[in-house]
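Trainee: I'd like to ask some things about the structure below.
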Amino acid sequence: MNSRRLLFHRIRENWNYQYKIIKSVVDWTVLVYLVIPAVIISVFVYRSWWIESPGWIEFVPFPILFTLYFFLLWGGYFKTYVREADIIFLRKNEKLMLGMKQGGITASYISEMISAALLGLLISPFWFNHYNLGIKQLVLFLGLWVSLKWLIMAINGMLNAYVRGWRSLFRSLPVLICAAVIWWFSYEAFQFVSLFPILFIMIFNGIVSMLLVKKRFTSIHTFEQDLSIDEKDKNNYTEMIFGLSMDMEKLPKPRPVRKSPRLYSKSNRIFRNRNERNGFLELFIKVATRDTEYIRGYLQVLGVTGAAIVFVPPLWLKMTVAAAGFFFLLVWVGSVWHKLIGNHPFTRKYSGKEGYVKGKNLVTTVLIIPFIIMCGFYVIVIQLMRSLFPFF
């Protein structure tokens, strides 16, 4: 087996792993009721953007588009597709291992170019029809973006391979500042249509990224770093996909041992009136608010639904998205309640009690009210304001 066949085998294994992770989360009900309708609606919405620019794009000036692409720079590493067992066999075959690593890093460069092309295809209707820019400017813009993405990937591979947690955050802060400065210079050069500064920035970013990954590209003695980067990238992907699942059991994250929790550390009771319903409510509130996973999941449902309502132009699509989000939130709340209360050994036997049912219904109602207010504001209030004030 040569290095090219080994690389393709590892890439295929990685794709199969990602497919299995997605398959474990997206069952046939989610596929039929959410994924397929979302894909069909997205195709029609994208086609409508080419025919006529949506109204909300009027409130997205070009600097905002440039800023949004800055947030898309983060995430991803130069992968070498090494495995822990390679330390036994492949390190004895330096040529085979080095060829696989070089092919993996090259594939990472190419995959980011493909990502840039797809992002360019996404904004093409606005780029040509609304901003009145040409294909040359789009190619330069994507070149600036992908070159800076390469540079950030190379730096993060060096900084975050071993350092985790708050130390990683503090070490990444200078990278964020430097990337913002480079992106600002890129915007200024793009605004003045200065071809030489744009090409200089692109070449600078590309060369520096290559210099930073040169050691990994030319040596097998960075095995621990390569393995740490690949495992971290795989874990980030797994956590992201599992975070979308309501029923998938998440692995507990390691936390420092504390004598008392940060939240409700000295509280005994939340409700003065002690009854079955309030007991279940207090238990749910304390458990759910102590874990940011559930708070983040609730905010994600609200945020994704609100963004979808804003971006889809027809009113009937807004209503459809709001209805789908409503039913999805109902299922999510029921799943969280079952996981925290209904499935716990101490409370499972009370699942048929009146207090249990009342507590669950009250939690569902309280969490649904902000969602309804948000959807009502986006669907009704914004449509009314646009009819009264066309410039809004």
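Chain identifiers are assigned as A, B, and so on, following the order in which chains appear in the structure tokens; residues are numbered from 1 within each chain, and ligands are numbered from 1 in order of appearance.
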For segment 112-120 of chain A, list every protein, DNA or RNA residue within 7 Å, evaluated using only C-alpha atoms, and leave out those in the same chain fewer than 3 positions away; present the list as a list in words.

Mentor: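 Residues meeting the cut-off are Ser108, Tyr109, Ile123, Ser124, Leu142 and Val146 of chain A.
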
Trainee: Take the residues from that selection and write them out as a PDB file, in the first residue's frame, keeping N, CA and C atoms.

Mentor:
```pdb
ATOM      1  N   SER A 108      -6.325  19.381   3.095  1.00  0.00           N
ATOM      2  CA  SER A 108      -6.925  20.420   3.937  1.00  0.00           C
ATOM      3  C   SER A 108      -6.899  21.768   3.234  1.00  0.00           C
ATOM      4  N   TYR A 109      -5.797  22.069   2.550  1.00  0.00           N
ATOM      5  CA  TYR A 109      -5.743  23.312   1.758  1.00  0.00           C
ATOM      6  C   TYR A 109      -6.838  23.307   0.689  1.00  0.00           C
ATOM      7  N   ILE A 123     -23.409  33.627  -1.716  1.00  0.00           N
ATOM      8  CA  ILE A 123     -23.643  35.073  -1.723  1.00  0.00           C
ATOM      9  C   ILE A 123     -23.651  35.654  -3.132  1.00  0.00           C
ATOM     10  N   SER A 124     -23.504  34.818  -4.147  1.00  0.00           N
ATOM     11  CA  SER A 124     -23.458  35.328  -5.519  1.00  0.00           C
ATOM     12  C   SER A 124     -24.685  36.144  -5.916  1.00  0.00           C
ATOM     13  N   LEU A 142     -12.836  36.049  -2.068  1.00  0.00           N
ATOM     14  CA  LEU A 142     -12.706  34.673  -1.593  1.00  0.00           C
ATOM     15  C   LEU A 142     -11.244  34.300  -1.393  1.00  0.00           C
ATOM     16  N   VAL A 146      -9.923  32.830   2.127  1.00  0.00           N
ATOM     17  CA  VAL A 146      -9.345  31.496   2.282  1.00  0.00           C
ATOM     18  C   VAL A 146      -7.879  31.578   2.692  1.00  0.00           C
TER      19      VAL A 146
END
```

Trainee: Please provide as a list in words all residues within 9 Å of segment 334-349 of chain A, with the sequence filter that same-chain residues fewer than 2 positions apart are discarded (counting only C-alpha atoms).

Mentor: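 The contact residues come out as Met246, Asp247, Phe280, Leu283, Phe284, Val287, Ala288, Tyr294, Leu329, Leu330, Val331, Trp332, Ser351, Gly352, Lys353, Tyr356, Lys360, Val363 and Thr364 of chain A.
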
Trainee: Write out the residues from the selection above, keeping all heavy atoms, as a short mmCIF file (atom, residue, chain, number, x, y, z; two decimals), in the first residue's frame.

Mentor:
```
data_model
loop_
_atom_site.label_atom_id
_atom_site.label_comp_id
_atom_site.auth_asym_id
_atom_site.auth_seq_id
_atom_site.Cartn_x
_atom_site.Cartn_y
_atom_site.Cartn_z
N MET A 246 -31.62 15.43 20.63
CA MET A 246 -32.34 15.57 21.89
C MET A 246 -32.29 14.30 22.70
O MET A 246 -32.38 14.32 23.92
CB MET A 246 -33.81 15.93 21.60
CG MET A 246 -33.96 17.25 20.88
SD MET A 246 -35.66 17.54 20.39
CE MET A 246 -35.87 16.26 19.16
N ASP A 247 -32.20 13.16 22.04
CA ASP A 247 -32.26 11.87 22.74
C ASP A 247 -30.89 11.24 22.94
O ASP A 247 -30.76 10.31 23.71
CB ASP A 247 -33.13 10.88 21.96
CG ASP A 247 -34.56 11.40 21.82
OD1 ASP A 247 -35.06 11.98 22.80
OD2 ASP A 247 -35.16 11.23 20.74
N PHE A 280 -41.43 19.04 41.61
CA PHE A 280 -40.89 18.69 40.30
C PHE A 280 -40.33 19.92 39.58
O PHE A 280 -39.29 19.84 38.91
CB PHE A 280 -41.97 18.02 39.45
CG PHE A 280 -42.28 16.61 39.87
CD1 PHE A 280 -43.52 16.29 40.40
CD2 PHE A 280 -41.34 15.61 39.75
CE1 PHE A 280 -43.81 14.99 40.79
CE2 PHE A 280 -41.62 14.31 40.13
CZ PHE A 280 -42.86 14.00 40.66
N LEU A 283 -36.94 20.85 41.10
CA LEU A 283 -35.91 19.90 40.67
C LEU A 283 -35.49 20.18 39.23
O LEU A 283 -34.29 20.19 38.91
CB LEU A 283 -36.44 18.48 40.82
CG LEU A 283 -35.48 17.35 40.44
CD1 LEU A 283 -34.24 17.39 41.31
CD2 LEU A 283 -36.17 15.99 40.56
N PHE A 284 -36.46 20.41 38.36
CA PHE A 284 -36.14 20.67 36.95
C PHE A 284 -35.36 21.97 36.80
O PHE A 284 -34.37 22.03 36.05
CB PHE A 284 -37.43 20.75 36.14
CG PHE A 284 -37.22 21.03 34.68
CD1 PHE A 284 -36.91 20.00 33.80
CD2 PHE A 284 -37.30 22.32 34.19
CE1 PHE A 284 -36.70 20.26 32.46
CE2 PHE A 284 -37.09 22.59 32.85
CZ PHE A 284 -36.78 21.56 31.98
N VAL A 287 -31.65 21.56 38.12
CA VAL A 287 -30.80 20.71 37.28
C VAL A 287 -30.56 21.35 35.92
O VAL A 287 -29.44 21.37 35.41
CB VAL A 287 -31.44 19.32 37.11
CG1 VAL A 287 -30.63 18.46 36.16
CG2 VAL A 287 -31.56 18.63 38.46
N ALA A 288 -31.61 21.92 35.31
CA ALA A 288 -31.48 22.46 33.95
C ALA A 288 -30.63 23.71 33.92
O ALA A 288 -29.83 23.90 32.99
CB ALA A 288 -32.87 22.75 33.38
N TYR A 294 -28.39 22.79 28.36
CA TYR A 294 -29.82 22.95 28.12
C TYR A 294 -30.18 24.39 27.82
O TYR A 294 -31.05 24.66 26.98
CB TYR A 294 -30.59 22.44 29.34
CG TYR A 294 -30.22 21.02 29.72
CD1 TYR A 294 -29.51 20.74 30.88
CD2 TYR A 294 -30.57 19.96 28.89
CE1 TYR A 294 -29.16 19.45 31.21
CE2 TYR A 294 -30.22 18.66 29.21
CZ TYR A 294 -29.51 18.41 30.37
OH TYR A 294 -29.16 17.12 30.68
N LEU A 329 -39.78 22.66 19.30
CA LEU A 329 -39.53 23.07 20.68
C LEU A 329 -40.35 22.24 21.67
O LEU A 329 -39.87 21.90 22.75
CB LEU A 329 -39.85 24.56 20.84
CG LEU A 329 -39.54 25.17 22.22
CD1 LEU A 329 -38.07 25.01 22.55
CD2 LEU A 329 -39.94 26.64 22.24
N LEU A 330 -41.58 21.90 21.29
CA LEU A 330 -42.39 21.03 22.15
C LEU A 330 -41.70 19.69 22.37
O LEU A 330 -41.63 19.18 23.50
CB LEU A 330 -43.77 20.83 21.52
CG LEU A 330 -44.79 21.96 21.63
CD1 LEU A 330 -46.07 21.58 20.91
CD2 LEU A 330 -45.08 22.29 23.09
N VAL A 331 -41.19 19.11 21.28
CA VAL A 331 -40.51 17.82 21.39
C VAL A 331 -39.24 17.96 22.21
O VAL A 331 -38.91 17.09 23.04
CB VAL A 331 -40.22 17.26 19.98
CG1 VAL A 331 -39.42 15.97 20.07
CG2 VAL A 331 -41.52 17.02 19.22
N TRP A 332 -38.51 19.06 22.01
CA TRP A 332 -37.26 19.26 22.74
C TRP A 332 -37.51 19.40 24.24
O TRP A 332 -36.80 18.80 25.06
CB TRP A 332 -36.55 20.51 22.20
CG TRP A 332 -35.22 20.77 22.82
CD1 TRP A 332 -34.02 20.24 22.46
CD2 TRP A 332 -34.96 21.62 23.95
NE1 TRP A 332 -33.02 20.71 23.28
CE2 TRP A 332 -33.59 21.55 24.20
CE3 TRP A 332 -35.76 22.43 24.75
CZ2 TRP A 332 -32.99 22.28 25.23
CZ3 TRP A 332 -35.18 23.15 25.78
CH2 TRP A 332 -33.80 23.07 26.02
N SER A 351 -44.11 9.25 37.50
CA SER A 351 -44.42 9.82 36.17
C SER A 351 -45.92 9.88 35.89
O SER A 351 -46.35 10.66 35.05
CB SER A 351 -43.73 9.00 35.08
OG SER A 351 -44.13 7.64 35.15
N GLY A 352 -46.72 9.07 36.57
CA GLY A 352 -48.16 9.11 36.32
C GLY A 352 -48.93 9.98 37.29
O GLY A 352 -50.16 10.11 37.17
N LYS A 353 -48.23 10.61 38.24
CA LYS A 353 -48.89 11.42 39.24
C LYS A 353 -49.36 12.75 38.64
O LYS A 353 -48.82 13.24 37.65
CB LYS A 353 -47.94 11.69 40.41
CG LYS A 353 -47.47 10.43 41.13
CD LYS A 353 -48.60 9.77 41.90
CE LYS A 353 -48.09 8.58 42.70
NZ LYS A 353 -49.16 7.93 43.49
N TYR A 356 -46.68 15.55 38.69
CA TYR A 356 -45.70 15.36 37.61
C TYR A 356 -46.22 15.94 36.31
O TYR A 356 -45.50 16.69 35.62
CB TYR A 356 -45.40 13.86 37.48
CG TYR A 356 -44.43 13.51 36.37
CD1 TYR A 356 -43.07 13.38 36.63
CD2 TYR A 356 -44.88 13.27 35.08
CE1 TYR A 356 -42.18 13.04 35.63
CE2 TYR A 356 -44.00 12.94 34.06
CZ TYR A 356 -42.66 12.82 34.34
OH TYR A 356 -41.78 12.48 33.34
N LYS A 360 -44.78 19.33 34.30
CA LYS A 360 -44.31 19.27 32.92
C LYS A 360 -45.08 20.25 32.04
O LYS A 360 -44.48 20.94 31.19
CB LYS A 360 -44.45 17.85 32.39
CG LYS A 360 -43.99 17.68 30.95
CD LYS A 360 -44.16 16.24 30.49
CE LYS A 360 -43.71 16.09 29.04
NZ LYS A 360 -43.89 14.70 28.55
N VAL A 363 -43.86 23.85 32.75
CA VAL A 363 -42.54 24.11 32.15
C VAL A 363 -42.69 24.31 30.64
O VAL A 363 -42.09 25.23 30.06
CB VAL A 363 -41.58 22.95 32.46
CG1 VAL A 363 -40.33 23.04 31.59
CG2 VAL A 363 -41.19 22.97 33.93
N THR A 364 -43.47 23.46 30.00
CA THR A 364 -43.68 23.59 28.56
C THR A 364 -44.32 24.92 28.21
O THR A 364 -43.89 25.61 27.27
CB THR A 364 -44.57 22.44 28.05
OG1 THR A 364 -43.97 21.19 28.40
CG2 THR A 364 -44.72 22.51 26.53
#
```

Trainee: Can you measure atom CA of Lys215 of chain A to atom CA of Phe141 of chain A for me? One decimal in Å is fine.

Mentor: 29.3 Å

Trainee: Output as a PyMOL selection string all residues of segment 16-76 of chain A that backbone DSSP marks as alpha helix (DSSP H).

Mentor: chain A and resi 16-25+28-30+36-51+62-71

Trainee: Determine the nearest neighbour of Leu6 of chain A from the options A:Ile57, A:Arg83, A:Ile36, A:Gly76, counting only C-alpha atoms.

Mentor: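 Going through A:Ile57, A:Arg83, A:Ile36, A:Gly76 one by one, the smallest distance to Leu6 of chain A is for A:Arg83.
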